[in-house]
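> Below is run35.cif; it holds mmCIF, C-alpha atoms.
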data_upload
loop_
_atom_site.label_atom_id
_atom_site.label_comp_id
_atom_site.auth_asym_id
_atom_site.auth_seq_id
_atom_site.Cartn_x
_atom_site.Cartn_y
_atom_site.Cartn_z
CA MET A 132 -104.77 19.96 -146.21
CA THR A 133 -101.08 20.13 -146.78
CA ILE A 134 -100.53 22.15 -143.59
CA ASP A 135 -102.54 19.66 -141.47
CA THR A 136 -100.56 16.74 -142.87
CA GLU A 137 -97.20 18.36 -141.99
CA SER A 138 -98.44 19.24 -138.50
CA ARG A 139 -99.51 15.67 -137.84
CA THR A 140 -96.16 14.39 -139.11
CA ARG A 141 -94.20 16.67 -136.69
CA THR A 142 -96.43 15.65 -133.76
CA THR A 143 -95.81 11.98 -134.50
CA GLU A 144 -92.02 12.45 -134.64
CA LYS A 145 -92.12 14.32 -131.32
CA ASP A 146 -94.06 11.51 -129.67
CA ASP A 147 -91.53 8.95 -130.97
CA ILE A 148 -88.60 10.89 -129.49
CA LEU A 149 -90.32 11.13 -126.07
CA ASP A 150 -91.09 7.40 -126.11
CA SER A 151 -87.44 6.66 -126.89
CA VAL A 152 -86.19 8.78 -123.95
CA GLN A 153 -88.62 7.06 -121.55
CA VAL A 154 -87.41 3.65 -122.73
CA GLU A 155 -83.74 4.60 -122.04
CA GLU A 156 -84.59 5.93 -118.55
CA SER A 157 -86.48 2.75 -117.81
CA ALA A 158 -83.44 0.68 -118.82
CA VAL A 159 -81.17 2.68 -116.52
CA ASP A 160 -83.59 2.25 -113.60
CA THR A 161 -83.70 -1.48 -114.28
CA GLU A 162 -79.84 -1.80 -114.09
CA ARG A 163 -79.55 0.27 -110.84
CA PRO A 164 -79.85 -2.01 -107.75
CA GLU A 165 -82.53 -1.26 -105.24
CA PRO A 166 -81.23 -0.28 -101.79
CA GLY A 167 -81.87 -2.88 -99.12
CA PRO A 168 -84.45 -2.33 -96.45
CA ASP A 169 -81.71 -1.88 -93.78
CA ALA A 170 -79.47 0.40 -95.84
CA GLU A 171 -78.55 3.73 -94.30
CA PRO A 172 -77.67 6.93 -96.06
CA GLY A 173 -73.99 7.15 -96.85
CA SER A 174 -73.49 3.36 -96.66
CA ALA A 175 -71.50 1.28 -99.21
CA GLU A 176 -74.81 0.19 -100.89
CA THR A 177 -75.57 3.79 -101.81
CA GLY A 178 -72.15 4.35 -103.40
CA SER A 179 -70.29 6.15 -100.56
CA ALA A 180 -67.32 4.51 -98.77
CA GLU A 181 -66.00 4.85 -95.26
CA THR A 182 -62.45 4.17 -94.12
CA GLY A 183 -61.54 2.61 -90.79
CA SER A 184 -58.41 3.06 -88.75
CA ALA A 185 -55.79 0.33 -88.90
CA GLU A 186 -55.47 -1.93 -85.91
CA THR A 187 -51.90 -0.91 -85.07
CA GLY A 188 -50.21 1.02 -82.26
CA THR A 189 -51.99 4.29 -83.06
CA GLU A 190 -54.24 6.70 -81.24
CA SER A 191 -56.32 7.59 -84.33
CA GLY A 192 -56.53 6.66 -88.00
CA THR A 193 -55.11 9.93 -89.34
CA ASP A 194 -54.49 13.28 -87.75
CA THR A 195 -56.33 16.48 -88.55
CA GLU A 196 -53.83 17.46 -91.23
CA GLY A 197 -54.00 14.20 -93.16
CA GLU A 198 -50.57 13.03 -91.95
CA PRO A 199 -49.90 9.40 -90.88
CA ALA A 200 -51.27 8.54 -87.46
CA ARG A 201 -48.81 9.15 -84.66
CA ALA A 202 -47.76 6.16 -82.58
CA SER A 203 -49.17 5.70 -79.12
CA TRP A 204 -46.82 6.04 -76.18
CA ARG A 205 -47.60 2.51 -75.03
CA ALA A 206 -46.66 1.04 -78.42
CA ARG A 207 -43.42 3.03 -78.46
CA ALA A 208 -42.53 1.86 -74.95
CA LEU A 209 -43.17 -1.76 -75.93
CA ALA A 210 -41.03 -1.44 -79.06
CA TYR A 211 -38.17 0.13 -77.11
CA THR A 212 -38.38 -2.60 -74.47
CA ILE A 213 -38.09 -5.26 -77.17
CA ASP A 214 -35.08 -3.47 -78.66
CA MET A 215 -33.16 -2.69 -75.47
CA ALA A 216 -34.22 -4.83 -72.49
CA GLY A 217 -32.39 -7.99 -73.52
CA PRO A 218 -29.13 -6.34 -74.63
CA ALA A 219 -29.10 -4.14 -71.51
CA ALA A 220 -29.48 -7.19 -69.25
CA ILE A 221 -26.66 -9.01 -71.02
CA LEU A 222 -24.39 -5.96 -70.81
CA ALA A 223 -25.04 -5.72 -67.07
CA VAL A 224 -24.10 -9.36 -66.49
CA LEU A 225 -21.03 -9.07 -68.72
CA ALA A 226 -19.90 -5.90 -66.93
CA LEU A 227 -20.16 -7.59 -63.53
CA THR A 228 -18.26 -10.62 -64.82
CA PHE A 229 -15.58 -8.43 -66.40
CA ALA A 230 -15.15 -6.43 -63.20
CA ASP A 231 -14.58 -9.58 -61.13
CA ASP A 232 -10.86 -9.51 -60.30
CA SER A 233 -10.87 -13.19 -59.39
CA GLY A 234 -11.85 -14.20 -62.94
CA SER A 235 -9.30 -15.61 -65.35
CA ARG A 236 -7.74 -13.52 -68.11
CA TRP A 237 -9.44 -15.56 -70.83
CA ALA A 238 -12.85 -15.18 -69.18
CA ARG A 239 -12.39 -11.39 -69.15
CA ILE A 240 -11.34 -11.42 -72.81
CA ALA A 241 -14.46 -13.45 -73.69
CA CYS A 242 -16.61 -10.94 -71.78
CA GLY A 243 -14.99 -8.07 -73.67
CA VAL A 244 -15.73 -9.72 -77.02
CA ALA A 245 -19.33 -10.39 -75.98
CA VAL A 246 -19.78 -6.76 -74.90
CA ALA A 247 -18.51 -5.58 -78.30
CA ALA A 248 -20.94 -7.97 -80.04
CA VAL A 249 -23.95 -6.71 -78.05
CA ILE A 250 -23.02 -3.08 -78.67
CA GLY A 251 -22.64 -3.90 -82.36
CA PHE A 252 -26.13 -5.41 -82.42
CA ILE A 253 -27.59 -2.31 -80.76
CA GLY A 254 -25.87 -0.10 -83.33
CA TRP A 255 -27.09 -2.23 -86.24
CA ASN A 256 -30.67 -2.28 -84.96
CA SER A 257 -31.05 1.28 -83.66
CA VAL A 258 -28.86 3.13 -86.17
CA TYR A 259 -28.37 1.22 -89.42
CA ARG A 260 -31.69 -0.59 -89.62
CA GLN A 261 -33.73 2.31 -88.27
CA GLY A 262 -31.86 4.79 -90.44
CA THR A 263 -32.34 2.85 -93.68
CA THR A 264 -35.83 1.39 -93.17
CA GLY A 265 -37.30 3.39 -90.28
CA ARG A 266 -37.98 0.13 -88.42
CA THR A 267 -36.07 -1.48 -85.59
CA LEU A 268 -36.97 -5.05 -84.68
CA GLY A 269 -39.16 -3.73 -81.88
CA LYS A 270 -40.94 -1.21 -84.13
CA LEU A 271 -41.46 -3.85 -86.81
CA THR A 272 -42.97 -6.17 -84.23
CA VAL A 273 -45.37 -3.55 -82.87
CA GLY A 274 -46.13 -1.94 -86.23
CA LEU A 275 -44.37 1.42 -86.00
CA ARG A 276 -41.98 3.36 -88.21
CA THR A 277 -39.61 6.31 -87.73
CA THR A 278 -39.71 8.94 -90.48
CA ARG A 279 -38.46 12.43 -91.11
CA CYS A 280 -40.84 15.22 -90.20
CA ASP A 281 -40.80 16.75 -93.67
CA THR A 282 -41.31 13.52 -95.58
CA SER A 283 -42.42 9.94 -95.07
CA ARG A 284 -38.97 8.59 -95.88
CA ALA A 285 -36.67 6.81 -93.41
CA PRO A 286 -34.49 9.23 -91.42
CA GLY A 287 -31.14 8.08 -92.79
CA ILE A 288 -28.12 6.77 -90.89
CA LEU A 289 -26.64 10.14 -89.88
CA ARG A 290 -29.97 11.40 -88.59
CA ALA A 291 -30.48 8.10 -86.74
CA VAL A 292 -27.07 8.51 -85.08
CA TRP A 293 -27.96 12.05 -84.05
CA ARG A 294 -31.33 10.87 -82.73
CA GLU A 295 -29.77 8.15 -80.55
CA ALA A 296 -27.08 10.52 -79.29
CA ALA A 297 -29.80 12.99 -78.29
CA ARG A 298 -31.33 10.39 -75.94
CA ILE A 299 -29.30 12.00 -73.20
CA VAL A 300 -31.56 15.05 -73.55
CA ASP A 301 -34.59 12.79 -73.00
CA THR A 302 -32.99 11.25 -69.92
CA ALA A 303 -31.22 14.16 -68.22
CA PRO A 304 -34.26 16.17 -66.99
CA ALA A 305 -35.71 13.39 -64.81
CA LEU A 306 -36.69 11.26 -67.85
CA LEU A 307 -39.07 14.01 -68.95
CA GLY A 308 -38.28 13.60 -72.63
CA TRP A 309 -39.36 9.97 -72.64
CA PHE A 310 -42.85 10.95 -71.46
CA TRP A 311 -43.14 14.08 -73.59
CA PRO A 312 -45.05 12.23 -76.38
CA LEU A 313 -48.00 11.92 -73.99
CA ARG A 314 -48.73 15.62 -74.41
CA ASP A 315 -47.03 16.48 -77.70
CA ARG A 316 -49.35 16.86 -80.72
CA ARG A 317 -47.01 14.91 -82.97
CA GLY A 318 -45.96 12.46 -80.26
CA GLN A 319 -42.29 13.51 -80.35
CA THR A 320 -39.67 13.06 -77.68
CA PHE A 321 -36.99 15.71 -77.21
CA SER A 322 -34.60 13.61 -79.28
CA ASP A 323 -37.21 13.41 -82.06
CA LYS A 324 -37.47 17.18 -82.10
CA ILE A 325 -33.69 17.59 -82.20
CA ALA A 326 -33.26 15.04 -85.00
CA GLY A 327 -36.40 16.13 -86.89
CA THR A 328 -38.07 12.72 -86.75
CA VAL A 329 -41.48 11.38 -85.82
CA VAL A 330 -42.73 7.87 -85.02
CA VAL A 331 -45.90 6.91 -86.87
CA ALA A 332 -48.10 3.88 -87.39
CA ASP A 333 -46.68 1.62 -90.06
CA GLU A 334 -49.96 0.80 -91.79
CA ALA A 335 -48.09 -0.44 -94.85
CA SER A 336 -46.53 -3.34 -92.97
CA GLU A 337 -48.21 -6.60 -93.87
CA ALA A 338 -49.54 -9.04 -91.32
CA GLY A 339 -47.13 -11.71 -92.52
CA THR A 340 -44.12 -9.44 -92.11
CA ARG A 341 -45.21 -8.49 -88.61
CA ARG A 342 -45.67 -12.14 -87.69
CA GLN A 343 -42.15 -12.84 -88.93
CA ALA A 344 -40.89 -9.92 -86.86
CA ARG A 345 -42.66 -11.24 -83.77
CA THR A 346 -41.14 -14.67 -84.38
CA ALA A 347 -37.70 -13.11 -84.77
CA ALA A 348 -38.20 -11.06 -81.60
CA VAL A 349 -39.21 -14.16 -79.66
CA GLY A 350 -36.19 -15.98 -81.06
CA VAL A 351 -33.89 -13.15 -80.01
CA LEU A 352 -35.49 -13.12 -76.55
CA VAL A 353 -34.99 -16.87 -76.18
CA ALA A 354 -31.38 -16.50 -77.32
CA LEU A 355 -30.83 -13.70 -74.81
CA VAL A 356 -32.32 -15.75 -71.99
CA ALA A 357 -30.17 -18.71 -73.01
CA ALA A 358 -27.09 -16.47 -73.11
CA LEU A 359 -27.86 -15.09 -69.67
CA GLY A 360 -28.41 -18.60 -68.37
CA GLY A 361 -25.12 -19.71 -69.91
CA LEU A 362 -23.26 -16.78 -68.40
CA ALA A 363 -24.82 -17.45 -65.02
CA ALA A 364 -23.82 -21.11 -65.27
CA VAL A 365 -20.26 -20.21 -66.28
CA GLN A 366 -20.03 -17.73 -63.41
CA TYR A 367 -21.38 -20.31 -60.97
CA VAL A 368 -18.93 -22.96 -62.16
CA HIS A 369 -16.10 -20.42 -62.00
CA ASP A 370 -17.00 -19.40 -58.46
CA TYR A 371 -17.43 -23.02 -57.42
CA ARG A 372 -14.07 -23.98 -58.87
CA SER A 373 -12.50 -20.88 -57.36
CA ASP A 374 -13.84 -21.79 -53.92
CA ASP A 375 -12.70 -25.38 -54.38
CA ALA A 376 -9.25 -24.22 -55.52
CA THR A 377 -9.01 -21.82 -52.58
CA ALA A 378 -9.80 -24.64 -50.17
CA ALA A 379 -7.11 -26.80 -51.78
CA ILE A 380 -4.60 -23.94 -51.64
CA ALA A 381 -5.44 -23.30 -47.99
CA SER A 382 -4.81 -26.90 -47.04
CA ARG A 383 -1.60 -27.08 -49.03
CA ALA A 384 -0.34 -23.73 -47.75
CA GLN A 385 -0.78 -24.74 -44.13
CA GLU A 386 1.12 -27.97 -44.68
CA ILE A 387 3.98 -26.22 -46.49
CA ALA A 388 4.17 -23.46 -43.85
CA LYS A 389 4.39 -26.03 -41.07
CA ASP A 390 7.13 -28.15 -42.72
CA SER A 391 9.18 -25.12 -43.83
CA THR A 392 9.04 -23.51 -40.40
CA ILE A 393 10.25 -26.70 -38.74
CA SER A 394 13.17 -26.79 -41.21
CA LEU A 395 14.09 -23.18 -40.49
CA LEU A 396 14.19 -23.66 -36.71
CA SER A 397 15.67 -27.16 -36.44
CA TYR A 398 19.40 -27.96 -36.71
CA GLN A 399 22.24 -29.89 -35.05
CA ALA A 400 25.59 -28.37 -34.17
CA ALA A 401 27.45 -31.05 -36.16
CA THR A 402 25.43 -30.53 -39.32
CA VAL A 403 24.26 -26.91 -38.95
CA ASP A 404 25.66 -25.78 -42.33
CA LYS A 405 23.82 -28.51 -44.23
CA ASP A 406 20.63 -28.16 -42.18
CA LEU A 407 20.30 -24.41 -42.70
CA ALA A 408 21.30 -24.60 -46.38
CA GLY A 409 18.45 -27.05 -46.94
CA ALA A 410 16.08 -24.68 -45.14
CA SER A 411 17.28 -21.76 -47.29
CA ALA A 412 16.10 -23.57 -50.44
CA LYS A 413 12.51 -23.12 -49.22
CA LEU A 414 12.78 -19.31 -49.09
CA THR A 415 12.41 -16.55 -51.70
CA GLY A 416 12.78 -12.83 -52.17
CA SER A 417 14.42 -10.43 -49.74
CA PHE A 418 13.69 -12.72 -46.81
CA LYS A 419 15.94 -15.37 -48.31
CA ASP A 420 18.79 -12.88 -48.54
CA TYR A 421 18.26 -11.81 -44.93
CA TYR A 422 18.09 -15.42 -43.68
CA ASN A 423 21.28 -16.47 -45.46
CA ASP A 424 23.19 -13.47 -44.11
CA TYR A 425 21.90 -13.89 -40.54
CA THR A 426 22.55 -17.63 -40.30
CA LYS A 427 26.05 -17.28 -41.83
CA ASN A 428 27.17 -14.52 -39.47
CA VAL A 429 25.23 -15.33 -36.29
CA VAL A 430 23.48 -18.70 -36.07
CA ILE A 431 26.10 -21.04 -37.54
CA PRO A 432 29.06 -19.66 -35.54
CA ALA A 433 27.04 -19.72 -32.30
CA ALA A 434 25.77 -23.24 -32.93
CA LYS A 435 29.30 -24.57 -33.52
CA GLU A 436 30.81 -22.70 -30.62
CA LYS A 437 28.22 -23.61 -27.99
CA ALA A 438 27.09 -26.96 -29.46
CA VAL A 439 23.53 -25.76 -29.91
CA ASN A 440 20.99 -28.37 -30.91
CA THR A 441 17.40 -27.27 -31.46
CA ARG A 442 14.31 -29.03 -32.66
CA ALA A 443 10.90 -27.44 -33.49
CA GLU A 444 7.54 -29.16 -33.50
CA SER A 445 4.27 -27.76 -34.81
CA VAL A 446 1.23 -28.05 -32.56
CA GLY A 447 -1.17 -26.41 -34.99
CA THR A 448 -1.73 -24.01 -37.89
CA ALA A 449 -4.33 -21.43 -38.82
CA LEU A 450 -4.98 -19.89 -42.22
CA VAL A 451 -5.13 -16.09 -42.26
CA SER A 452 -5.66 -15.53 -46.00
CA ALA A 453 -5.11 -17.30 -49.31
CA ASP A 454 -5.53 -16.77 -53.03
CA ASP A 455 -4.02 -18.40 -56.10
CA ARG A 456 -0.61 -16.74 -55.61
CA HIS A 457 -0.25 -15.81 -51.92
CA ALA A 458 -1.09 -17.22 -48.51
CA THR A 459 -0.55 -16.22 -44.89
CA VAL A 460 -0.48 -18.88 -42.18
CA LEU A 461 -0.01 -18.83 -38.42
CA VAL A 462 2.17 -21.68 -37.14
CA PHE A 463 2.09 -22.61 -33.45
CA LEU A 464 5.35 -24.18 -32.24
CA ASN A 465 7.09 -25.90 -29.33
CA GLN A 466 10.86 -25.53 -29.66
CA THR A 467 13.30 -27.69 -27.62
CA THR A 468 16.96 -26.56 -27.28
CA THR A 469 20.11 -27.97 -25.68
CA THR A 470 23.62 -26.46 -25.42
CA ALA A 471 27.01 -27.46 -24.10
CA ASP A 472 26.50 -25.25 -21.07
CA ASN A 473 22.94 -26.48 -20.48
CA PRO A 474 22.50 -30.08 -21.58
CA GLN A 475 19.05 -30.27 -20.05
CA PRO A 476 16.38 -29.58 -22.74
CA SER A 477 14.63 -26.23 -22.44
CA GLN A 478 11.28 -25.77 -24.13
CA LEU A 479 9.82 -22.60 -25.60
CA ALA A 480 6.35 -22.08 -27.09
CA SER A 481 6.05 -19.55 -29.86
CA THR A 482 3.92 -18.44 -32.79
CA VAL A 483 5.13 -17.18 -36.17
CA ARG A 484 3.32 -15.58 -39.10
CA VAL A 485 4.48 -17.24 -42.30
CA GLN A 486 3.90 -15.58 -45.67
CA LEU A 487 3.99 -17.86 -48.71
CA THR A 488 4.32 -16.92 -52.38
CA GLU A 489 3.95 -19.22 -55.37
CA VAL A 490 7.08 -19.15 -57.53
CA GLY A 491 6.64 -21.24 -60.64
CA HIS A 492 4.73 -24.22 -59.29
CA GLU A 493 6.31 -24.19 -55.83
CA TRP A 494 5.24 -22.39 -52.65
CA LEU A 495 8.12 -20.63 -50.90
CA ILE A 496 8.40 -18.54 -47.72
CA SER A 497 8.62 -14.82 -48.46
CA GLY A 498 8.03 -13.55 -44.94
CA PHE A 499 8.64 -14.91 -41.40
CA ASP A 500 7.57 -12.84 -38.40
CA PRO A 501 7.52 -14.10 -34.77
CA ILE A 502 4.48 -12.95 -32.82
#
Produce structure tokens that represent the structure in this file.

Amino acid sequence: MTIDTESRTRTTEKDDILDSVQVEESAVDTERPEPGPDAEPGSAETGSAETGSAETGTESGTDTEGEPARASWRARALAYTIDMAGPAAILAVLALTFADDSGSRWARIACGVAVAAVIGFIGWNSVYRQGTTGRTLGKLTVGLRTTRCDTSRAPGILRAVWREAARIVDTAPALLGWFWPLRDRRGQTFSDKIAGTVVVADEASEAGTRRQARTAAVGVLVALVAALGGLAAVQYVHDYRSDDATAAIASRAQEIAKDSTISLLSYQAATVDKDLAGASAKLTGSFKDYYNDYTKNVVIPAAKEKAVNTRAESVGTALVSADDRHATVLVFLNQTTTTADNPQPSQLASTVRVQLTEVGHEWLISGFDPI
């Protein structure tokens, strides 16, 4: 009897333990959610997660080695266009303005300062900013980042300088280096390989930051367009004023050439010294020295001895050339002369080429050549 009682006791304890285990399993099943009717194996409802590629300038989410996704060539081209198109256009306009010899000295100085400012901006954006953060304004706008090949850190300023200097290697062989990322596994240009850098998708950049970058890029573009428009307007006004000034100089030069030529060729025997001295005041340079010597030794003695009276009249002028300091004018003349031996007036038609030079604020004859 004792044995049977102990056996029954052990059987009862065993049954209680089994019942307890079944109750715990039932509780676990109750807490576990039932999969939905449309759930597929491996979905989020069954406890497995999938990752999607970021919607940035990439060709794939990650590469086969688990490295950051390389940037697409199209995204890189867009970023570089944002960084360089505007500054390059401004530099071209400034260079043409600076090379214009007709521009004023102050306009050329302003162009030189503007060129230095644009080059400084390019250096700050492509070297300092890219070297310290890996992002130029263009890359930040598109969602790209430049890193070192051996780490995800920014390349550093010295490496960024070396990378930009190596652009000549990309350009020299018929621009081949610029298109090399299309076939390179890591999407590197020749300059990237030389500097040990790679351009990857900047998945860490937030949408707000990228929007700010786009806004900044648009602002810079608007500023560049405004600057180009301003430069074009300044150049137009300068050219317009230059043309207007040239027209004024041409008209004034012709008038001065006509009056001065008449003074040089008109005198009376009784007043020849005074007449030719007044004419000499309208001359300059070596021609003035020649005229004074010739009239003193030849013209004045002959005029007094033979009672020569001569009067010149202009029948027309023609401008050959003119700028803000020099002018050349053709003067067409009729010259009437009388002498003691021939009191009847004799008339002679002639043409002279008169060269004028501005001395101070006065136009004087520096050359006088009969044709």
> Using the chain letters and numbers from the file, give me the residues hit by the PyMOL selection byres ((chain A and resi 209) around 10), as a ChimeraX atom specification.
/A:188,204-208,210-214,269-270,272-273
> Enumerate, as an NGL selection string, the residues matched when the PyMOL selection byres ((chain A and resi 321) around 8) is run on the file above.
:A and (297-298 or 300-301 or 308-309 or 311 or 319-320 or 322-325)
> Neighbouring residues of Glu444 (chain A) were defined as those with any atom within 8 Å, considering only C-alpha atoms; residues of the same chain fewer than 4 positions away were excluded. Please report them as JSON, numbers by chain.
{"A": [393, 464, 465, 466]}
> So how far away is CA of Leu225 (chain A) from CA of Gly360 (chain A), in Å?
12.1 Å
> Apply the PyMOL selection byres ((chain A and resi 201) around 6) to the displayed file and report the matching residues as a list of chain:residue names.
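This file gives the following for the PyMOL selection byres ((chain A and resi 201) around 6): A:Ala200, A:Ala202, A:Val331, A:Ala332.
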> Can you list, as a list of chain:residue names, every protein, DNA or RNA residue that comes within 9 Å of Leu396 (chain A) when you count only C-alpha atoms, leaving out same-chain residues fewer than 6 positions away?
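Final neighbour list, sorted by chain and number: A:Leu407, A:Ala410, A:Thr441, A:Arg442, A:Ala443, A:Gln466.
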> I'd like the interatomic distance between CA of Thr468 (chain A) and CA of Asn440 (chain A), to a tenth of an Å.
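Taking CA of Thr468 (chain A) and CA of Asn440 (chain A), their separation equals 5.7 Å.
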> Do a neighbour search on Met215 (chain A) at 12 Å with only C-alpha atoms, toss out local chain neighbours closer than 2 positions, and write the hits as JSON, numbers by chain.
{"A": [208, 209, 210, 211, 212, 213, 217, 218, 219, 220, 221, 222, 249, 250, 252, 253, 254, 256, 257, 267, 268, 269, 270, 348, 351, 352, 355]}
> Can you work out which one of A:Pro286, A:Gly416, A:Gly409, A:Gly243 has the shortest atom-to-atom distance to Thr263 (chain A), counting only C-alpha atoms?
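Nearest candidate to Thr263 (chain A) out of A:Pro286, A:Gly416, A:Gly409, A:Gly243: A:Pro286.
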> Tell me, as a list in words, which residues lie within 12 Å of Glu493 (chain A), counting all atoms listed in the file; anything in the same chain fewer than 6 positions away does not count.
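Residues near the query, excluding close chain neighbours: Ile380, Arg383, Ala384, Ile387, Ala412, Lys413, Leu414, Thr415, Asp455, Arg456, His457 and Leu487 of chain A.
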> Looking at all atoms listed in the file, which of A:Val349, A:Leu289, A:Ala354, A:Ala364 is the one that sits closest to Val258 (chain A)?
A:Leu289
> Enter the distance from CA of Glu386 (chain A) to CA of Ala408 (chain A), in Å, rounded to one decimal.
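Distance reported for this atom pair: 20.5 Å.
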> So that I can check the surroundings of Ile431 (chain A), please list as a PyMOL selection string every protein, DNA and RNA residue that reaches within 8 Å of it, counting all atoms listed in the file and ignoring chain neighbours fewer than 4 positions away.
chain A and resi 403-404+426-427+435
